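Engineer: If it helps, the file is called run-v6.cif and holds mmCIF, N, CA and C atoms:
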data_protein
#
loop_
_atom_site.label_atom_id
_atom_site.label_comp_id
_atom_site.auth_asym_id
_atom_site.auth_seq_id
_atom_site.Cartn_x
_atom_site.Cartn_y
_atom_site.Cartn_z
N MET A 1 1.13 -1.51 5.59
CA MET A 1 1.23 -2.97 5.64
C MET A 1 2.10 -3.44 4.47
N LEU A 2 3.04 -4.29 4.77
CA LEU A 2 3.93 -4.85 3.75
C LEU A 2 3.14 -5.81 2.87
N GLN A 3 3.25 -5.61 1.57
CA GLN A 3 2.58 -6.48 0.62
C GLN A 3 3.63 -7.27 -0.15
N LEU A 4 3.49 -8.58 -0.11
CA LEU A 4 4.43 -9.48 -0.77
C LEU A 4 3.67 -10.41 -1.72
N ALA A 5 4.38 -10.90 -2.72
CA ALA A 5 3.83 -11.92 -3.61
C ALA A 5 4.74 -13.14 -3.56
N ILE A 6 4.15 -14.29 -3.45
CA ILE A 6 4.86 -15.55 -3.61
C ILE A 6 4.47 -16.10 -4.97
N VAL A 7 5.48 -16.39 -5.79
CA VAL A 7 5.25 -16.87 -7.15
C VAL A 7 5.95 -18.21 -7.30
N ASN A 8 5.18 -19.23 -7.62
CA ASN A 8 5.72 -20.57 -7.82
C ASN A 8 5.58 -20.97 -9.28
N GLY A 9 6.61 -21.59 -9.80
CA GLY A 9 6.65 -22.02 -11.18
C GLY A 9 6.19 -23.46 -11.39
N PRO A 10 6.68 -24.07 -12.48
CA PRO A 10 6.15 -25.35 -12.94
C PRO A 10 6.31 -26.49 -11.95
N ASN A 11 5.28 -27.28 -11.91
CA ASN A 11 5.18 -28.52 -11.13
C ASN A 11 5.04 -28.30 -9.64
N LEU A 12 5.11 -27.06 -9.19
CA LEU A 12 4.96 -26.80 -7.75
C LEU A 12 3.50 -26.88 -7.32
N ASN A 13 2.58 -26.94 -8.28
CA ASN A 13 1.18 -27.23 -7.97
C ASN A 13 1.01 -28.67 -7.49
N LEU A 14 2.03 -29.50 -7.68
CA LEU A 14 1.96 -30.91 -7.27
C LEU A 14 2.64 -31.18 -5.93
N LEU A 15 3.02 -30.11 -5.22
CA LEU A 15 3.61 -30.33 -3.89
C LEU A 15 2.64 -31.13 -3.03
N GLY A 16 3.19 -32.03 -2.27
CA GLY A 16 2.37 -32.93 -1.47
C GLY A 16 2.26 -34.30 -2.09
N VAL A 17 2.37 -34.37 -3.43
CA VAL A 17 2.34 -35.66 -4.11
C VAL A 17 3.57 -35.88 -4.98
N ARG A 18 4.20 -34.81 -5.43
CA ARG A 18 5.37 -34.91 -6.30
C ARG A 18 6.62 -35.23 -5.49
N GLU A 19 7.25 -36.32 -5.78
CA GLU A 19 8.52 -36.70 -5.16
C GLU A 19 8.61 -36.28 -3.68
N PRO A 20 7.75 -36.86 -2.84
CA PRO A 20 7.72 -36.43 -1.43
C PRO A 20 9.05 -36.61 -0.70
N HIS A 21 9.91 -37.50 -1.19
CA HIS A 21 11.23 -37.67 -0.57
C HIS A 21 12.11 -36.44 -0.80
N ILE A 22 11.78 -35.63 -1.80
CA ILE A 22 12.51 -34.39 -2.06
C ILE A 22 11.73 -33.18 -1.55
N TYR A 23 10.42 -33.14 -1.84
CA TYR A 23 9.62 -31.94 -1.61
C TYR A 23 8.68 -32.02 -0.41
N GLY A 24 8.60 -33.17 0.25
CA GLY A 24 7.72 -33.31 1.41
C GLY A 24 6.31 -33.70 1.03
N ASN A 25 5.46 -33.84 2.05
CA ASN A 25 4.09 -34.33 1.87
C ASN A 25 3.04 -33.23 1.92
N GLN A 26 3.44 -32.00 2.17
CA GLN A 26 2.50 -30.91 2.39
C GLN A 26 2.19 -30.17 1.09
N THR A 27 0.92 -29.87 0.87
CA THR A 27 0.56 -29.06 -0.29
C THR A 27 0.98 -27.61 -0.02
N PHE A 28 1.20 -26.85 -1.09
CA PHE A 28 1.56 -25.46 -0.88
C PHE A 28 0.38 -24.66 -0.34
N GLU A 29 -0.82 -25.00 -0.73
CA GLU A 29 -2.00 -24.30 -0.23
C GLU A 29 -2.09 -24.42 1.28
N HIS A 30 -1.82 -25.61 1.82
CA HIS A 30 -1.83 -25.81 3.27
C HIS A 30 -0.72 -24.99 3.92
N TYR A 31 0.47 -25.03 3.34
CA TYR A 31 1.59 -24.27 3.88
C TYR A 31 1.33 -22.76 3.79
N PHE A 32 0.73 -22.32 2.70
CA PHE A 32 0.42 -20.90 2.52
C PHE A 32 -0.50 -20.40 3.63
N ALA A 33 -1.49 -21.20 3.98
CA ALA A 33 -2.39 -20.83 5.09
C ALA A 33 -1.60 -20.68 6.39
N GLN A 34 -0.64 -21.57 6.61
CA GLN A 34 0.21 -21.47 7.81
C GLN A 34 1.06 -20.21 7.77
N LEU A 35 1.60 -19.88 6.60
CA LEU A 35 2.40 -18.65 6.46
C LEU A 35 1.57 -17.42 6.79
N CYS A 36 0.38 -17.36 6.26
CA CYS A 36 -0.49 -16.20 6.51
C CYS A 36 -0.81 -16.08 7.99
N ALA A 37 -1.02 -17.19 8.66
CA ALA A 37 -1.29 -17.17 10.10
C ALA A 37 -0.04 -16.76 10.88
N ARG A 38 1.11 -17.18 10.42
CA ARG A 38 2.38 -16.86 11.09
C ARG A 38 2.77 -15.39 10.94
N PHE A 39 2.39 -14.79 9.82
CA PHE A 39 2.72 -13.39 9.53
C PHE A 39 1.44 -12.59 9.30
N PRO A 40 0.63 -12.41 10.36
CA PRO A 40 -0.69 -11.78 10.18
C PRO A 40 -0.63 -10.31 9.76
N LEU A 41 0.49 -9.65 9.97
CA LEU A 41 0.60 -8.24 9.60
C LEU A 41 1.06 -8.05 8.15
N MET A 42 1.33 -9.14 7.48
CA MET A 42 1.74 -9.09 6.08
C MET A 42 0.52 -9.37 5.19
N GLN A 43 0.47 -8.70 4.08
CA GLN A 43 -0.52 -9.05 3.07
C GLN A 43 0.23 -9.84 2.00
N ILE A 44 -0.04 -11.14 1.95
CA ILE A 44 0.71 -12.03 1.06
C ILE A 44 -0.25 -12.60 0.02
N GLN A 45 0.11 -12.43 -1.24
CA GLN A 45 -0.65 -13.05 -2.30
C GLN A 45 0.17 -14.18 -2.90
N PHE A 46 -0.53 -15.13 -3.48
CA PHE A 46 0.13 -16.32 -4.02
C PHE A 46 -0.33 -16.57 -5.45
N TYR A 47 0.65 -16.92 -6.29
CA TYR A 47 0.36 -17.24 -7.68
C TYR A 47 1.24 -18.42 -8.09
N GLN A 48 0.67 -19.33 -8.88
CA GLN A 48 1.42 -20.45 -9.42
C GLN A 48 1.00 -20.68 -10.85
N SER A 49 1.99 -20.96 -11.70
CA SER A 49 1.69 -21.34 -13.08
C SER A 49 2.78 -22.27 -13.59
N ASN A 50 2.37 -23.15 -14.48
CA ASN A 50 3.32 -24.03 -15.17
C ASN A 50 3.81 -23.41 -16.47
N ILE A 51 3.32 -22.22 -16.78
CA ILE A 51 3.58 -21.60 -18.09
C ILE A 51 4.47 -20.37 -17.92
N GLU A 52 5.60 -20.38 -18.60
CA GLU A 52 6.60 -19.32 -18.46
C GLU A 52 6.03 -17.93 -18.72
N GLY A 53 5.30 -17.75 -19.79
CA GLY A 53 4.75 -16.44 -20.13
C GLY A 53 3.77 -15.94 -19.08
N GLU A 54 2.99 -16.84 -18.49
CA GLU A 54 2.07 -16.43 -17.43
C GLU A 54 2.82 -15.96 -16.20
N LEU A 55 3.93 -16.62 -15.88
CA LEU A 55 4.76 -16.18 -14.75
C LEU A 55 5.32 -14.78 -15.01
N ILE A 56 5.78 -14.55 -16.23
CA ILE A 56 6.31 -13.24 -16.61
C ILE A 56 5.22 -12.18 -16.52
N ASN A 57 4.04 -12.47 -17.05
CA ASN A 57 2.93 -11.53 -16.97
C ASN A 57 2.58 -11.22 -15.53
N TYR A 58 2.59 -12.22 -14.67
CA TYR A 58 2.27 -11.98 -13.27
C TYR A 58 3.33 -11.10 -12.61
N LEU A 59 4.61 -11.38 -12.88
CA LEU A 59 5.67 -10.53 -12.33
C LEU A 59 5.46 -9.08 -12.76
N HIS A 60 5.13 -8.87 -14.03
CA HIS A 60 4.86 -7.52 -14.52
C HIS A 60 3.68 -6.89 -13.76
N SER A 61 2.65 -7.68 -13.49
CA SER A 61 1.45 -7.16 -12.83
C SER A 61 1.70 -6.76 -11.37
N CYS A 62 2.81 -7.19 -10.81
CA CYS A 62 3.14 -6.85 -9.41
C CYS A 62 3.65 -5.42 -9.26
N MET A 63 4.02 -4.79 -10.36
CA MET A 63 4.58 -3.43 -10.30
C MET A 63 3.55 -2.49 -9.66
N GLY A 64 4.02 -1.74 -8.64
CA GLY A 64 3.16 -0.80 -7.95
C GLY A 64 2.20 -1.42 -6.96
N LYS A 65 2.27 -2.75 -6.81
CA LYS A 65 1.31 -3.44 -5.93
C LYS A 65 1.97 -4.13 -4.74
N VAL A 66 3.22 -4.58 -4.91
CA VAL A 66 3.91 -5.28 -3.83
C VAL A 66 5.28 -4.68 -3.62
N GLN A 67 5.79 -4.85 -2.40
CA GLN A 67 7.13 -4.35 -2.08
C GLN A 67 8.20 -5.42 -2.23
N GLY A 68 7.80 -6.67 -2.37
CA GLY A 68 8.76 -7.75 -2.52
C GLY A 68 8.11 -8.98 -3.12
N ILE A 69 8.93 -9.79 -3.78
CA ILE A 69 8.47 -11.02 -4.40
C ILE A 69 9.36 -12.17 -3.96
N ILE A 70 8.73 -13.27 -3.61
CA ILE A 70 9.43 -14.52 -3.31
C ILE A 70 9.14 -15.43 -4.49
N LEU A 71 10.19 -15.81 -5.20
CA LEU A 71 10.03 -16.55 -6.45
C LEU A 71 10.71 -17.91 -6.39
N ASN A 72 9.90 -18.95 -6.56
CA ASN A 72 10.42 -20.29 -6.80
C ASN A 72 10.07 -20.59 -8.25
N ALA A 73 11.00 -20.33 -9.13
CA ALA A 73 10.74 -20.50 -10.56
C ALA A 73 10.83 -21.95 -11.01
N GLY A 74 11.07 -22.88 -10.07
CA GLY A 74 11.16 -24.28 -10.43
C GLY A 74 12.23 -24.48 -11.50
N ALA A 75 11.95 -25.34 -12.45
CA ALA A 75 12.92 -25.66 -13.50
C ALA A 75 13.23 -24.46 -14.39
N TYR A 76 12.34 -23.46 -14.42
CA TYR A 76 12.65 -22.26 -15.22
C TYR A 76 13.85 -21.50 -14.66
N THR A 77 14.19 -21.75 -13.42
CA THR A 77 15.40 -21.16 -12.83
C THR A 77 16.61 -21.42 -13.71
N HIS A 78 16.67 -22.62 -14.26
CA HIS A 78 17.85 -23.10 -14.97
C HIS A 78 17.77 -22.90 -16.48
N THR A 79 16.65 -22.31 -16.95
CA THR A 79 16.46 -22.21 -18.40
C THR A 79 15.97 -20.85 -18.88
N SER A 80 15.41 -20.03 -18.00
CA SER A 80 14.66 -18.88 -18.48
C SER A 80 15.39 -17.54 -18.33
N ILE A 81 15.95 -17.11 -19.42
CA ILE A 81 16.50 -15.75 -19.48
C ILE A 81 15.34 -14.76 -19.46
N ALA A 82 14.21 -15.14 -20.00
CA ALA A 82 13.04 -14.25 -20.04
C ALA A 82 12.55 -13.91 -18.63
N ILE A 83 12.53 -14.87 -17.73
CA ILE A 83 12.12 -14.58 -16.35
C ILE A 83 13.17 -13.70 -15.69
N ALA A 84 14.45 -13.96 -15.94
CA ALA A 84 15.51 -13.09 -15.40
C ALA A 84 15.32 -11.66 -15.90
N ASP A 85 15.02 -11.50 -17.17
CA ASP A 85 14.79 -10.16 -17.73
C ASP A 85 13.57 -9.50 -17.09
N ALA A 86 12.53 -10.27 -16.82
CA ALA A 86 11.34 -9.72 -16.17
C ALA A 86 11.68 -9.20 -14.78
N ILE A 87 12.48 -9.95 -14.03
CA ILE A 87 12.89 -9.52 -12.70
C ILE A 87 13.65 -8.19 -12.81
N SER A 88 14.55 -8.10 -13.76
CA SER A 88 15.31 -6.86 -13.96
C SER A 88 14.42 -5.69 -14.32
N SER A 89 13.33 -5.96 -15.01
CA SER A 89 12.48 -4.91 -15.56
C SER A 89 11.50 -4.30 -14.58
N ILE A 90 11.12 -5.05 -13.52
CA ILE A 90 9.99 -4.60 -12.70
C ILE A 90 10.39 -3.71 -11.52
N GLY A 91 11.67 -3.69 -11.15
CA GLY A 91 12.10 -2.82 -10.08
C GLY A 91 11.59 -3.20 -8.70
N ILE A 92 11.30 -4.47 -8.48
CA ILE A 92 10.84 -4.98 -7.18
C ILE A 92 11.87 -5.98 -6.69
N PRO A 93 12.30 -5.87 -5.42
CA PRO A 93 13.25 -6.87 -4.91
C PRO A 93 12.64 -8.27 -4.93
N VAL A 94 13.43 -9.23 -5.38
CA VAL A 94 12.99 -10.62 -5.49
C VAL A 94 13.97 -11.50 -4.72
N VAL A 95 13.43 -12.42 -3.92
CA VAL A 95 14.23 -13.45 -3.27
C VAL A 95 13.91 -14.77 -3.96
N GLU A 96 14.96 -15.42 -4.44
CA GLU A 96 14.82 -16.74 -5.09
C GLU A 96 14.76 -17.80 -3.99
N VAL A 97 13.77 -18.68 -4.07
CA VAL A 97 13.61 -19.76 -3.09
C VAL A 97 13.50 -21.09 -3.82
N HIS A 98 14.18 -22.08 -3.25
CA HIS A 98 14.03 -23.47 -3.72
C HIS A 98 13.86 -24.37 -2.51
N ILE A 99 12.91 -25.27 -2.59
CA ILE A 99 12.62 -26.19 -1.48
C ILE A 99 13.77 -27.17 -1.30
N SER A 100 14.26 -27.72 -2.40
CA SER A 100 15.37 -28.67 -2.32
C SER A 100 16.69 -27.92 -2.43
N ASN A 101 17.76 -28.59 -2.07
CA ASN A 101 19.09 -28.02 -2.24
C ASN A 101 19.53 -28.27 -3.68
N VAL A 102 19.29 -27.30 -4.54
CA VAL A 102 19.56 -27.49 -5.96
C VAL A 102 21.04 -27.75 -6.23
N LEU A 103 21.91 -27.28 -5.36
CA LEU A 103 23.35 -27.51 -5.57
C LEU A 103 23.78 -28.94 -5.25
N ALA A 104 22.91 -29.68 -4.59
CA ALA A 104 23.21 -31.08 -4.27
C ALA A 104 22.51 -32.04 -5.23
N ARG A 105 21.91 -31.49 -6.27
CA ARG A 105 21.17 -32.31 -7.22
C ARG A 105 21.91 -32.40 -8.55
N GLU A 106 21.19 -32.62 -9.62
CA GLU A 106 21.81 -32.79 -10.94
C GLU A 106 22.59 -31.54 -11.32
N ASP A 107 23.63 -31.75 -12.14
CA ASP A 107 24.49 -30.63 -12.53
C ASP A 107 23.74 -29.48 -13.18
N TYR A 108 22.76 -29.78 -14.03
CA TYR A 108 22.04 -28.71 -14.72
C TYR A 108 21.26 -27.82 -13.76
N ARG A 109 20.97 -28.31 -12.54
CA ARG A 109 20.26 -27.49 -11.55
C ARG A 109 21.19 -26.52 -10.82
N LYS A 110 22.47 -26.63 -11.05
CA LYS A 110 23.44 -25.77 -10.36
C LYS A 110 23.59 -24.40 -11.01
N THR A 111 22.94 -24.20 -12.16
CA THR A 111 22.97 -22.91 -12.84
C THR A 111 21.62 -22.23 -12.66
N SER A 112 21.66 -21.00 -12.16
CA SER A 112 20.44 -20.20 -12.03
C SER A 112 20.57 -18.95 -12.88
N PHE A 113 19.68 -18.82 -13.85
CA PHE A 113 19.66 -17.61 -14.66
C PHE A 113 19.05 -16.44 -13.91
N ILE A 114 18.29 -16.72 -12.83
CA ILE A 114 17.62 -15.64 -12.13
C ILE A 114 18.38 -15.13 -10.91
N ALA A 115 19.30 -15.92 -10.37
CA ALA A 115 19.96 -15.56 -9.10
C ALA A 115 20.63 -14.19 -9.15
N ALA A 116 21.29 -13.86 -10.23
CA ALA A 116 22.00 -12.58 -10.32
C ALA A 116 21.05 -11.39 -10.34
N LYS A 117 19.79 -11.63 -10.64
CA LYS A 117 18.78 -10.56 -10.69
C LYS A 117 18.04 -10.42 -9.36
N CYS A 118 18.29 -11.34 -8.43
CA CYS A 118 17.59 -11.37 -7.15
C CYS A 118 18.47 -10.77 -6.05
N VAL A 119 17.82 -10.32 -4.97
CA VAL A 119 18.58 -9.77 -3.84
C VAL A 119 19.21 -10.88 -3.01
N GLY A 120 18.71 -12.11 -3.16
CA GLY A 120 19.27 -13.24 -2.44
C GLY A 120 18.60 -14.53 -2.85
N SER A 121 19.19 -15.64 -2.40
CA SER A 121 18.68 -16.97 -2.72
C SER A 121 18.66 -17.83 -1.47
N ILE A 122 17.60 -18.62 -1.34
CA ILE A 122 17.46 -19.57 -0.24
C ILE A 122 17.19 -20.92 -0.87
N SER A 123 17.98 -21.91 -0.50
CA SER A 123 17.86 -23.22 -1.13
C SER A 123 18.08 -24.32 -0.11
N GLY A 124 17.25 -25.36 -0.20
CA GLY A 124 17.50 -26.56 0.57
C GLY A 124 16.93 -26.59 1.98
N LEU A 125 16.12 -25.62 2.34
CA LEU A 125 15.57 -25.57 3.70
C LEU A 125 14.10 -25.95 3.73
N GLY A 126 13.67 -26.64 2.69
CA GLY A 126 12.27 -27.05 2.61
C GLY A 126 11.36 -25.85 2.48
N MET A 127 10.13 -26.03 2.89
CA MET A 127 9.14 -24.95 2.81
C MET A 127 9.54 -23.75 3.68
N ASP A 128 10.37 -23.99 4.70
CA ASP A 128 10.78 -22.89 5.58
C ASP A 128 11.51 -21.78 4.83
N GLY A 129 12.02 -22.07 3.64
CA GLY A 129 12.67 -21.04 2.84
C GLY A 129 11.75 -19.87 2.55
N TYR A 130 10.46 -20.14 2.37
CA TYR A 130 9.50 -19.07 2.12
C TYR A 130 9.37 -18.16 3.35
N ALA A 131 9.27 -18.77 4.53
CA ALA A 131 9.17 -17.98 5.76
C ALA A 131 10.42 -17.15 5.99
N LEU A 132 11.57 -17.72 5.69
CA LEU A 132 12.82 -16.97 5.84
C LEU A 132 12.86 -15.78 4.88
N ALA A 133 12.33 -15.96 3.69
CA ALA A 133 12.28 -14.86 2.73
C ALA A 133 11.33 -13.76 3.22
N ILE A 134 10.20 -14.15 3.78
CA ILE A 134 9.28 -13.15 4.34
C ILE A 134 9.97 -12.39 5.46
N GLN A 135 10.67 -13.11 6.33
CA GLN A 135 11.38 -12.44 7.43
C GLN A 135 12.45 -11.49 6.89
N TYR A 136 13.11 -11.87 5.81
CA TYR A 136 14.08 -10.96 5.19
C TYR A 136 13.40 -9.64 4.82
N PHE A 137 12.25 -9.73 4.16
CA PHE A 137 11.57 -8.50 3.75
C PHE A 137 11.12 -7.68 4.95
N ILE A 138 10.64 -8.35 6.01
CA ILE A 138 10.26 -7.62 7.22
C ILE A 138 11.46 -6.87 7.79
N ASP A 139 12.59 -7.56 7.91
CA ASP A 139 13.80 -6.94 8.47
C ASP A 139 14.33 -5.83 7.56
N ALA A 140 14.29 -6.05 6.25
CA ALA A 140 14.78 -5.03 5.32
C ALA A 140 13.92 -3.77 5.41
N LEU A 141 12.61 -3.96 5.56
CA LEU A 141 11.71 -2.81 5.67
C LEU A 141 11.93 -2.07 6.98
N ALA A 142 12.25 -2.80 8.05
CA ALA A 142 12.50 -2.17 9.35
C ALA A 142 13.73 -1.28 9.30
N SER A 143 14.72 -1.67 8.51
CA SER A 143 15.96 -0.89 8.45
C SER A 143 15.89 0.24 7.43
N LYS A 144 15.09 0.04 6.38
CA LYS A 144 14.90 1.10 5.37
C LYS A 144 13.76 0.69 4.46
N PRO A 145 13.07 1.64 3.90
CA PRO A 145 11.99 1.28 2.98
C PRO A 145 12.55 0.57 1.75
N ILE A 146 11.84 -0.46 1.31
CA ILE A 146 12.25 -1.21 0.11
C ILE A 146 11.72 -0.49 -1.11
#
For the structure just supplied, provide its representation as structure tokens.
Structural biologist:
Amino acid sequence: MLQLAIVNGPNLNLLGVREPHIYGNQTFEHYFAQLCARFPLMQIQFYQSNIEGELINYLHSCMGKVQGIILNAGAYTHTSIAIADAISSIGIPVVEVHISNVLAREDYRKTSFIAAKCVGSISGLGMDGYALAIQYFIDALASKPI
């Protein structure tokens, strides 16, 4: 069974109430339940923290436990070399996901310190970006072990 981790960074605990015109009205917990129902053959764990060091510790803890990570680092995407280094260090494929189209937003959001360390990036497709990342891992595993 494919084991994946979804890791969300700062302020994503406020999905459903935070800037609904950008992020929508749905909580991530509600969406996560839908994801698990949509992909019943996947074992998906979810972690969220507003604290950079906790995110790094969680990424480290995934070693030997998951075959892929879906990471929405939130604003740390644009500031954290430490998270980029953690991705490089753990040897697990990571897909970067953003709910909003970061390239259509403020200039500072157009730089991602983590993108070069990830196997791919999905941006601007709302919550569906997470499902697309899961499908990527399913397809990648079908063609070769990750």
Engineer: Take every atom of region 107-118 of chain A listed in the file, pad by 5 Å on each side, and give me the axis-aligned box centre and edge lengths in Å, one decimal, as lines of an AutoDock Vina configuration file.
Structural biologist:
center_x = 21.0
center_y = -21.1
center_z = -10.4
size_x = 16.9
size_y = 31.3
size_z = 18.7
Engineer: Near Leu41 (chain A), within 8 Å and counting all atoms listed in the file, which residues show up once chain neighbours fewer than 4 positions away are dropped, as a PyMOL selection string?
Structural biologist: chain A and resi 1-3+36-37
Engineer: Please identify which residues in region 1-138 of chain A DSSP calls strand (DSSP E or B) from the backbone, and express them as a PyMOL selection string.
Structural biologist: chain A and resi 3-8+43-48+68-72+94-98+120-123
Engineer: Go through A:Met42, A:Ile90, A:Ala140, A:Leu4 one by one, measure the shortest atom-to-atom distance of each to Gly68 (chain A) using only C-alpha atoms, and give the residue with the smallest value.
Structural biologist: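 Of the candidates, the smallest distance to Gly68 (chain A) is held by A:Leu4.
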Engineer: Running DSSP on the backbone, which parts of chain A land in helix (DSSP H, G or I), as a PyMOL selection string?
Structural biologist: chain A and resi 12-14+20-23+28-38+52-61+74-78+81-90+102-104+107-110+115-117+128-143
Engineer: What does the structure give for the distance between atom C of Asn11 (chain A) and atom N of Gly64 (chain A), in Å to one decimal?
Structural biologist: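 Atom-to-atom, atom C of Asn11 (chain A) to atom N of Gly64 (chain A), that is 26.6 Å.
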Engineer: From the list A:Ser49, A:His78, A:Tyr130, A:Ala84, which residue is nearest Lys110 (chain A) when using only N, CA and C atoms?
Structural biologist: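 Comparing A:Ser49, A:His78, A:Tyr130, A:Ala84 against Lys110 (chain A), the winner is A:His78.
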Engineer: Which neighbours of Gly9 (chain A) fall inside 8 Å, counting all atoms listed in the file, when residues of the same chain fewer than 4 positions from it are skipped, and could you give them as a VMD selection string?
Structural biologist: chain A and resid 13 47 to 52 55 71 to 77
Engineer: Hey, can you check how far CA of Ile114 (chain A) sits from CA of Val97 (chain A)?
Structural biologist: 10.7 Å
